[in-house]
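For reference, the structure discussed in these notes is given below.
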Amino acid sequence: MDEEERSLTERLRQESGGTAAFDRLLATGDRDELAEVLTAPGQPLWARELAAFRLGRAGDRRAFEALVLLLNHRDPPRCASAAHALARLGDPRTARAAAALATNELRVAYALHPVRLLVALRAPESVPALITTLERRLGPHDPYRKVALACVEGLGALGDDRARRVLNEALAHPALAEAAVRALARLPQQRPA
């Protein structure tokens with residue numbers, strides 16, 4: 001059991017009240033039983049999250065929709081566990097969904113984990129989505145500095161030269177300048193003209 005799974009298990013055990021239903025979902029190896037939790041009416045959120053997480057980690061694509069919903073949840077620990085499972089799911093729709101969530105201005109308060117997931121996926125959608133999200137965060141008095149910082153760091157980790165312009169713009173923002181310098185240093189060296 002890794003740290004992400006341990007954290008999720010402890011959190012959901014408390015949320016469920018440590019019921020027998022929780023123990024059963026945690027112990028079952030039956031993917032069909034887990035998938036049924038995702039579609040059965042009246043299931044508590046903790047049960048759906050546990051089932052989706054376990055299915056996602058197992059590479060079962062029936063978890064995709066539930067995990068994307070959790071990735072966009074208002075509760076950061078749910079977003080983190082969904083991002084962890086989605087990174088391991090191997091579903092080709094994941095990067096497109098994460099990019100849509102990261103660039104959705106109506107949900108920007110919840111964009112941190114989709115941004116981090118895009119970096120982990122290193123998909124074709126990753127760099128354009130991070131550039132778009134960061135451009136929008138560079139306005140004066142933007143309250144989402146954590147999202148902007150995750151974009152700057154992610155663009156540095158991805159090392160794509162398309163990010164050079166927006167990273168140079170980030171240098172003008174004191175909260176982002178140091179990370180932008182590090183990110184720019186990770187980009188390919190420009191050849192003199």
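So you can find residues: chains in the structure tokens are A, B, ... in the order shown, residues in each start at 1, and ligands are numbered from 1 in order.
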
Can you write out as JSON lines which residues of range 86-125 of chain A fall within 7 Å of range 50-58 of chain A, alongside each residue's closest atom pair and its distance in Å to one decimal, counting only C-alpha atoms and ordering rows by chain and ascending residue number?
{"residue": "A:Leu86", "atom": "CA", "partner": "A:Gly56", "partner_atom": "CA", "distance": 6.2}
{"residue": "A:Arg88", "atom": "CA", "partner": "A:Arg57", "partner_atom": "CA", "distance": 5.6}
{"residue": "A:Leu89", "atom": "CA", "partner": "A:Gly56", "partner_atom": "CA", "distance": 4.8}

Mind writing the picked residues with N, CA and C atoms as a tab-separated table (two decimals), in the first residue's frame?
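Written output follows (again.tsv):
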chain	number	residue	atom	x	y	z
A	86	LEU	N	-6.23	8.31	-11.88
A	86	LEU	CA	-6.30	8.60	-13.32
A	86	LEU	C	-4.93	8.47	-13.99
A	88	ARG	N	-2.76	6.37	-13.37
A	88	ARG	CA	-2.47	4.94	-13.52
A	88	ARG	C	-3.49	4.20	-14.36
A	89	LEU	N	-4.61	4.84	-14.64
A	89	LEU	CA	-5.70	4.18	-15.34
A	89	LEU	C	-5.33	3.79	-16.77

Check range 99-174 of chain A with DSSP on the backbone and list each residue it calls alpha helix (DSSP H), as a short mmCIF file (atom, residue, chain, number, x, y, z; two decimals) with all heavy atoms, in the first residue's frame.
data_model
loop_
_atom_site.label_atom_id
_atom_site.label_comp_id
_atom_site.auth_asym_id
_atom_site.auth_seq_id
_atom_site.Cartn_x
_atom_site.Cartn_y
_atom_site.Cartn_z
N ALA A 99 -7.24 18.46 -19.33
CA ALA A 99 -7.03 19.75 -19.98
C ALA A 99 -8.30 20.60 -19.93
O ALA A 99 -8.24 21.81 -19.69
CB ALA A 99 -6.57 19.54 -21.43
N ALA A 100 -9.45 19.97 -20.14
CA ALA A 100 -10.72 20.71 -20.07
C ALA A 100 -10.95 21.26 -18.68
O ALA A 100 -11.42 22.40 -18.52
CB ALA A 100 -11.87 19.81 -20.50
N LEU A 101 -10.63 20.47 -17.66
CA LEU A 101 -10.83 20.94 -16.28
C LEU A 101 -9.82 22.03 -15.92
O LEU A 101 -10.17 23.01 -15.25
CB LEU A 101 -10.70 19.78 -15.30
CG LEU A 101 -11.81 18.73 -15.39
CD1 LEU A 101 -11.50 17.54 -14.48
CD2 LEU A 101 -13.16 19.32 -15.05
N ALA A 102 -8.58 21.87 -16.35
CA ALA A 102 -7.54 22.86 -16.03
C ALA A 102 -7.82 24.21 -16.66
O ALA A 102 -7.49 25.26 -16.09
CB ALA A 102 -6.18 22.35 -16.47
N LEU A 112 -5.88 22.89 -9.64
CA LEU A 112 -4.54 22.49 -9.22
C LEU A 112 -4.23 21.03 -9.56
O LEU A 112 -3.20 20.72 -10.16
CB LEU A 112 -4.35 22.73 -7.72
CG LEU A 112 -2.98 22.39 -7.15
CD1 LEU A 112 -1.90 23.25 -7.81
CD2 LEU A 112 -2.98 22.59 -5.64
N HIS A 113 -5.12 20.13 -9.20
CA HIS A 113 -4.86 18.70 -9.45
C HIS A 113 -4.95 18.33 -10.93
O HIS A 113 -4.13 17.53 -11.39
CB HIS A 113 -5.73 17.84 -8.55
CG HIS A 113 -5.33 17.97 -7.11
ND1 HIS A 113 -4.20 17.38 -6.60
CD2 HIS A 113 -5.88 18.66 -6.09
CE1 HIS A 113 -4.08 17.69 -5.33
NE2 HIS A 113 -5.08 18.48 -4.99
N PRO A 114 -5.89 18.91 -11.69
CA PRO A 114 -5.83 18.65 -13.14
C PRO A 114 -4.52 19.13 -13.77
O PRO A 114 -3.97 18.45 -14.64
CB PRO A 114 -7.04 19.41 -13.69
CG PRO A 114 -8.02 19.41 -12.56
CD PRO A 114 -7.16 19.55 -11.32
N VAL A 115 -3.99 20.26 -13.32
CA VAL A 115 -2.71 20.76 -13.83
C VAL A 115 -1.60 19.76 -13.52
O VAL A 115 -0.81 19.39 -14.39
CB VAL A 115 -2.40 22.16 -13.25
CG1 VAL A 115 -0.93 22.53 -13.44
CG2 VAL A 115 -3.30 23.21 -13.89
N ARG A 116 -1.56 19.32 -12.27
CA ARG A 116 -0.51 18.37 -11.88
C ARG A 116 -0.66 17.04 -12.64
O ARG A 116 0.34 16.42 -12.99
CB ARG A 116 -0.56 18.14 -10.37
CG ARG A 116 -0.08 19.35 -9.60
CD ARG A 116 -0.18 19.13 -8.12
NE ARG A 116 0.36 20.26 -7.38
CZ ARG A 116 0.12 20.49 -6.11
NH1 ARG A 116 -0.63 19.65 -5.41
NH2 ARG A 116 0.65 21.53 -5.50
N LEU A 117 -1.89 16.63 -12.88
CA LEU A 117 -2.11 15.40 -13.63
C LEU A 117 -1.60 15.54 -15.06
O LEU A 117 -0.98 14.63 -15.61
CB LEU A 117 -3.60 15.03 -13.62
CG LEU A 117 -4.01 13.80 -14.43
CD1 LEU A 117 -3.26 12.55 -13.99
CD2 LEU A 117 -5.53 13.59 -14.33
N LEU A 118 -1.84 16.69 -15.67
CA LEU A 118 -1.35 16.93 -17.04
C LEU A 118 0.17 16.82 -17.11
O LEU A 118 0.72 16.28 -18.07
CB LEU A 118 -1.80 18.30 -17.54
CG LEU A 118 -3.26 18.39 -17.95
CD1 LEU A 118 -3.69 19.84 -18.09
CD2 LEU A 118 -3.50 17.63 -19.25
N VAL A 119 0.85 17.30 -16.09
CA VAL A 119 2.31 17.20 -16.06
C VAL A 119 2.71 15.73 -15.96
O VAL A 119 3.60 15.27 -16.68
CB VAL A 119 2.89 18.03 -14.89
CG1 VAL A 119 4.40 17.83 -14.80
CG2 VAL A 119 2.55 19.50 -15.05
N ALA A 120 2.05 14.99 -15.09
CA ALA A 120 2.37 13.57 -14.92
C ALA A 120 2.12 12.77 -16.20
O ALA A 120 2.88 11.87 -16.53
CB ALA A 120 1.57 12.98 -13.76
N LEU A 121 1.07 13.14 -16.93
CA LEU A 121 0.71 12.39 -18.14
C LEU A 121 1.65 12.67 -19.30
O LEU A 121 1.82 11.83 -20.18
CB LEU A 121 -0.73 12.72 -18.55
CG LEU A 121 -1.83 12.25 -17.61
CD1 LEU A 121 -3.17 12.80 -18.07
CD2 LEU A 121 -1.86 10.74 -17.51
N SER A 126 -0.97 18.46 -22.74
CA SER A 126 -0.43 19.03 -21.50
C SER A 126 0.10 20.45 -21.65
O SER A 126 -0.33 21.36 -20.94
CB SER A 126 0.65 18.11 -20.93
OG SER A 126 0.12 16.85 -20.59
N VAL A 127 1.06 20.65 -22.55
CA VAL A 127 1.69 21.97 -22.67
C VAL A 127 0.70 23.05 -23.10
O VAL A 127 0.63 24.11 -22.46
CB VAL A 127 2.93 21.91 -23.60
CG1 VAL A 127 3.45 23.30 -23.91
CG2 VAL A 127 4.02 21.05 -22.96
N PRO A 128 -0.11 22.84 -24.14
CA PRO A 128 -1.08 23.89 -24.50
C PRO A 128 -2.05 24.24 -23.36
O PRO A 128 -2.35 25.42 -23.15
CB PRO A 128 -1.83 23.30 -25.70
CG PRO A 128 -0.88 22.32 -26.29
CD PRO A 128 -0.12 21.74 -25.13
N ALA A 129 -2.50 23.24 -22.62
CA ALA A 129 -3.43 23.51 -21.52
C ALA A 129 -2.74 24.29 -20.40
O ALA A 129 -3.32 25.23 -19.85
CB ALA A 129 -4.02 22.21 -20.98
N LEU A 130 -1.52 23.93 -20.07
CA LEU A 130 -0.80 24.65 -19.02
C LEU A 130 -0.48 26.08 -19.44
O LEU A 130 -0.57 27.00 -18.63
CB LEU A 130 0.48 23.90 -18.63
CG LEU A 130 0.34 22.92 -17.47
CD1 LEU A 130 -0.67 21.85 -17.72
CD2 LEU A 130 1.67 22.33 -17.10
N ILE A 131 -0.13 26.27 -20.71
CA ILE A 131 0.13 27.63 -21.19
C ILE A 131 -1.15 28.47 -21.08
O ILE A 131 -1.11 29.61 -20.57
CB ILE A 131 0.66 27.60 -22.65
CG1 ILE A 131 2.09 27.05 -22.67
CG2 ILE A 131 0.60 28.98 -23.28
CD1 ILE A 131 2.62 26.79 -24.08
N THR A 132 -2.27 27.94 -21.54
CA THR A 132 -3.54 28.67 -21.47
C THR A 132 -3.90 29.01 -20.03
O THR A 132 -4.27 30.15 -19.72
CB THR A 132 -4.66 27.83 -22.11
OG1 THR A 132 -4.35 27.64 -23.49
CG2 THR A 132 -6.02 28.51 -21.97
N THR A 133 -3.78 28.04 -19.15
CA THR A 133 -4.13 28.26 -17.75
C THR A 133 -3.21 29.31 -17.12
O THR A 133 -3.69 30.21 -16.41
CB THR A 133 -4.06 26.94 -16.97
OG1 THR A 133 -4.93 25.99 -17.60
CG2 THR A 133 -4.48 27.12 -15.53
N LEU A 134 -1.92 29.23 -17.40
CA LEU A 134 -0.99 30.20 -16.83
C LEU A 134 -1.23 31.60 -17.38
O LEU A 134 -1.20 32.58 -16.63
CB LEU A 134 0.46 29.76 -17.09
CG LEU A 134 1.54 30.69 -16.54
CD1 LEU A 134 1.37 30.93 -15.05
CD2 LEU A 134 2.92 30.12 -16.86
N GLU A 135 -1.47 31.72 -18.68
CA GLU A 135 -1.75 33.04 -19.26
C GLU A 135 -2.90 33.73 -18.53
O GLU A 135 -2.84 34.93 -18.25
CB GLU A 135 -2.11 32.90 -20.75
CG GLU A 135 -0.93 32.62 -21.63
CD GLU A 135 -1.33 32.29 -23.06
OE1 GLU A 135 -2.48 31.87 -23.31
OE2 GLU A 135 -0.47 32.44 -23.94
N ARG A 136 -3.91 32.98 -18.20
CA ARG A 136 -5.08 33.55 -17.51
C ARG A 136 -4.77 33.92 -16.06
O ARG A 136 -5.48 34.74 -15.47
CB ARG A 136 -6.24 32.55 -17.56
CG ARG A 136 -6.75 32.32 -18.97
CD ARG A 136 -7.76 31.21 -18.98
NE ARG A 136 -8.29 30.98 -20.32
CZ ARG A 136 -9.02 29.93 -20.65
NH1 ARG A 136 -9.31 29.01 -19.73
NH2 ARG A 136 -9.46 29.79 -21.87
N ARG A 137 -3.76 33.33 -15.49
CA ARG A 137 -3.42 33.59 -14.09
C ARG A 137 -2.46 34.77 -13.94
O ARG A 137 -2.14 35.16 -12.82
CB ARG A 137 -2.76 32.36 -13.44
CG ARG A 137 -3.55 31.06 -13.53
CD ARG A 137 -4.74 30.94 -12.60
NE ARG A 137 -5.75 31.94 -12.72
CZ ARG A 137 -6.79 31.88 -13.58
NH1 ARG A 137 -6.92 30.88 -14.41
NH2 ARG A 137 -7.70 32.84 -13.60
N ARG A 145 -2.80 31.81 -7.24
CA ARG A 145 -1.35 31.72 -7.40
C ARG A 145 -0.85 30.28 -7.32
O ARG A 145 0.13 29.94 -7.95
CB ARG A 145 -0.63 32.59 -6.37
CG ARG A 145 -0.70 34.06 -6.69
CD ARG A 145 0.05 34.36 -7.99
NE ARG A 145 -0.13 35.75 -8.34
CZ ARG A 145 -0.29 36.18 -9.57
NH1 ARG A 145 -0.27 35.36 -10.58
NH2 ARG A 145 -0.46 37.45 -9.82
N LYS A 146 -1.50 29.43 -6.52
CA LYS A 146 -1.06 28.03 -6.44
C LYS A 146 -1.23 27.34 -7.80
O LYS A 146 -0.39 26.53 -8.20
CB LYS A 146 -1.84 27.27 -5.37
CG LYS A 146 -1.41 27.59 -3.97
CD LYS A 146 -2.15 26.73 -2.97
CE LYS A 146 -1.70 27.05 -1.57
NZ LYS A 146 -2.39 26.23 -0.57
N VAL A 147 -2.31 27.66 -8.48
CA VAL A 147 -2.53 27.09 -9.81
C VAL A 147 -1.47 27.63 -10.78
O VAL A 147 -0.88 26.86 -11.55
CB VAL A 147 -3.96 27.41 -10.32
CG1 VAL A 147 -4.14 26.96 -11.77
CG2 VAL A 147 -5.00 26.75 -9.42
N ALA A 148 -1.20 28.93 -10.71
CA ALA A 148 -0.18 29.53 -11.58
C ALA A 148 1.19 28.91 -11.31
O ALA A 148 1.92 28.57 -12.25
CB ALA A 148 -0.14 31.04 -11.36
N LEU A 149 1.53 28.75 -10.04
CA LEU A 149 2.82 28.17 -9.69
C LEU A 149 2.92 26.73 -10.19
O LEU A 149 3.97 26.32 -10.71
CB LEU A 149 3.03 28.23 -8.18
CG LEU A 149 4.38 27.75 -7.67
CD1 LEU A 149 5.52 28.56 -8.29
CD2 LEU A 149 4.42 27.84 -6.15
N ALA A 150 1.85 25.96 -10.06
CA ALA A 150 1.85 24.58 -10.57
C ALA A 150 2.06 24.57 -12.08
O ALA A 150 2.75 23.69 -12.62
CB ALA A 150 0.56 23.87 -10.19
N CYS A 151 1.47 25.53 -12.79
CA CYS A 151 1.67 25.64 -14.24
C CYS A 151 3.12 25.95 -14.57
O CYS A 151 3.72 25.32 -15.46
CB CYS A 151 0.77 26.71 -14.84
SG CYS A 151 -0.97 26.28 -14.90
N VAL A 152 3.70 26.91 -13.88
CA VAL A 152 5.10 27.29 -14.12
C VAL A 152 6.01 26.09 -13.88
O VAL A 152 6.85 25.74 -14.73
CB VAL A 152 5.51 28.48 -13.22
CG1 VAL A 152 7.02 28.70 -13.25
CG2 VAL A 152 4.77 29.75 -13.64
N GLU A 153 5.85 25.44 -12.74
CA GLU A 153 6.69 24.29 -12.42
C GLU A 153 6.47 23.16 -13.42
O GLU A 153 7.42 22.49 -13.84
CB GLU A 153 6.42 23.83 -10.99
CG GLU A 153 6.88 24.83 -9.96
CD GLU A 153 6.41 24.54 -8.54
OE1 GLU A 153 5.50 23.70 -8.36
OE2 GLU A 153 6.96 25.16 -7.61
N GLY A 154 5.21 22.95 -13.78
CA GLY A 154 4.89 21.89 -14.73
C GLY A 154 5.47 22.15 -16.11
O GLY A 154 5.99 21.23 -16.75
N LEU A 155 5.40 23.39 -16.56
CA LEU A 155 5.98 23.71 -17.87
C LEU A 155 7.49 23.52 -17.86
O LEU A 155 8.07 23.07 -18.84
CB LEU A 155 5.59 25.13 -18.27
CG LEU A 155 4.13 25.30 -18.67
CD1 LEU A 155 3.74 26.78 -18.75
CD2 LEU A 155 3.82 24.58 -19.98
N GLY A 156 8.11 23.82 -16.74
CA GLY A 156 9.54 23.55 -16.62
C GLY A 156 9.83 22.06 -16.68
O GLY A 156 10.75 21.62 -17.38
N ALA A 157 9.04 21.29 -15.97
CA ALA A 157 9.23 19.83 -15.97
C ALA A 157 9.02 19.23 -17.35
O ALA A 157 9.71 18.29 -17.74
CB ALA A 157 8.28 19.18 -14.95
N LEU A 158 8.07 19.78 -18.10
CA LEU A 158 7.79 19.26 -19.43
C LEU A 158 8.85 19.68 -20.45
O LEU A 158 9.04 19.02 -21.47
CB LEU A 158 6.39 19.69 -19.89
CG LEU A 158 5.24 19.06 -19.07
CD1 LEU A 158 3.92 19.71 -19.44
CD2 LEU A 158 5.20 17.56 -19.26
N ARG A 164 8.17 29.11 -23.50
CA ARG A 164 9.14 30.17 -23.22
C ARG A 164 8.48 31.55 -23.06
O ARG A 164 8.76 32.28 -22.12
CB ARG A 164 10.21 30.22 -24.32
CG ARG A 164 11.35 31.18 -24.01
CD ARG A 164 12.47 31.10 -25.04
NE ARG A 164 12.99 29.77 -25.22
CZ ARG A 164 13.90 29.21 -24.40
NH1 ARG A 164 14.35 29.86 -23.37
NH2 ARG A 164 14.33 27.98 -24.65
N ARG A 165 7.58 31.91 -23.97
CA ARG A 165 6.97 33.24 -23.91
C ARG A 165 6.20 33.45 -22.60
O ARG A 165 6.40 34.44 -21.90
CB ARG A 165 6.02 33.44 -25.09
CG ARG A 165 5.33 34.82 -25.11
CD ARG A 165 4.19 34.90 -26.10
NE ARG A 165 3.25 33.80 -26.02
CZ ARG A 165 2.29 33.69 -25.08
NH1 ARG A 165 2.16 34.62 -24.16
NH2 ARG A 165 1.46 32.66 -25.08
N VAL A 166 5.34 32.51 -22.22
CA VAL A 166 4.53 32.69 -21.02
C VAL A 166 5.38 32.61 -19.75
O VAL A 166 5.11 33.29 -18.77
CB VAL A 166 3.33 31.71 -20.99
CG1 VAL A 166 3.76 30.29 -20.68
CG2 VAL A 166 2.27 32.18 -20.01
N LEU A 167 6.43 31.80 -19.79
CA LEU A 167 7.33 31.75 -18.63
C LEU A 167 8.10 33.06 -18.48
O LEU A 167 8.33 33.52 -17.35
CB LEU A 167 8.29 30.57 -18.75
CG LEU A 167 7.65 29.19 -18.55
CD1 LEU A 167 8.63 28.08 -18.90
CD2 LEU A 167 7.10 29.03 -17.15
N ASN A 168 8.47 33.67 -19.60
CA ASN A 168 9.10 34.99 -19.53
C ASN A 168 8.13 36.02 -18.95
O ASN A 168 8.54 36.89 -18.18
CB ASN A 168 9.61 35.43 -20.90
CG ASN A 168 10.97 34.83 -21.21
OD1 ASN A 168 11.84 34.80 -20.36
ND2 ASN A 168 11.14 34.34 -22.43
N GLU A 169 6.87 35.93 -19.31
CA GLU A 169 5.86 36.84 -18.74
C GLU A 169 5.70 36.60 -17.24
O GLU A 169 5.47 37.53 -16.47
CB GLU A 169 4.52 36.65 -19.45
CG GLU A 169 4.52 37.15 -20.88
CD GLU A 169 3.23 36.82 -21.62
OE1 GLU A 169 2.21 36.52 -20.96
OE2 GLU A 169 3.24 36.87 -22.87
N ALA A 170 5.83 35.36 -16.81
CA ALA A 170 5.69 35.03 -15.38
C ALA A 170 6.82 35.62 -14.54
O ALA A 170 6.65 35.83 -13.33
CB ALA A 170 5.64 33.51 -15.21
N PRO A 174 6.20 38.55 -8.79
CA PRO A 174 7.09 38.15 -7.70
C PRO A 174 6.82 36.74 -7.15
O PRO A 174 7.76 36.02 -6.84
CB PRO A 174 6.84 39.22 -6.62
CG PRO A 174 6.39 40.42 -7.39
CD PRO A 174 5.62 39.88 -8.56
#

Skip Asp91 in chain A itself and residues of its chain fewer than 5 positions away, then list as a PDB file with N, CA, C and O atoms, in the first residue's frame all residues within 9 Å of it, counting only C-alpha atoms.
ATOM      1  N   GLY A  59      -6.498  -0.293 -13.533  1.00  0.00           N
ATOM      2  CA  GLY A  59      -6.557  -0.092 -14.979  1.00  0.00           C
ATOM      3  C   GLY A  59      -7.912  -0.404 -15.588  1.00  0.00           C
ATOM      4  O   GLY A  59      -8.015  -0.588 -16.795  1.00  0.00           O
ATOM      5  N   ASP A  60      -8.953  -0.419 -14.772  1.00  0.00           N
ATOM      6  CA  ASP A  60     -10.309  -0.719 -15.246  1.00  0.00           C
ATOM      7  C   ASP A  60     -10.981   0.592 -15.658  1.00  0.00           C
ATOM      8  O   ASP A  60     -11.278   1.446 -14.823  1.00  0.00           O
ATOM      9  N   ARG A  61     -11.227   0.740 -16.952  1.00  0.00           N
ATOM     10  CA  ARG A  61     -11.724   2.009 -17.496  1.00  0.00           C
ATOM     11  C   ARG A  61     -13.161   2.332 -17.087  1.00  0.00           C
ATOM     12  O   ARG A  61     -13.630   3.438 -17.346  1.00  0.00           O
ATOM     13  N   PHE A  64     -13.420   5.638 -15.164  1.00  0.00           N
ATOM     14  CA  PHE A  64     -13.034   6.924 -15.758  1.00  0.00           C
ATOM     15  C   PHE A  64     -13.965   8.075 -15.388  1.00  0.00           C
ATOM     16  O   PHE A  64     -13.534   9.102 -14.873  1.00  0.00           O
ATOM     17  N   LEU A  86      -6.235   8.313 -11.880  1.00  0.00           N
ATOM     18  CA  LEU A  86      -6.305   8.597 -13.319  1.00  0.00           C
ATOM     19  C   LEU A  86      -4.935   8.470 -13.989  1.00  0.00           C
ATOM     20  O   LEU A  86      -4.837   8.018 -15.136  1.00  0.00           O
TER      21      LEU A  86
END

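With distances restricted to only C-alpha atoms, A:Ala35 is the closest residue to Ala63 in chain A from A:Ala35, A:Ala111, A:Ala21, A:Ala83.
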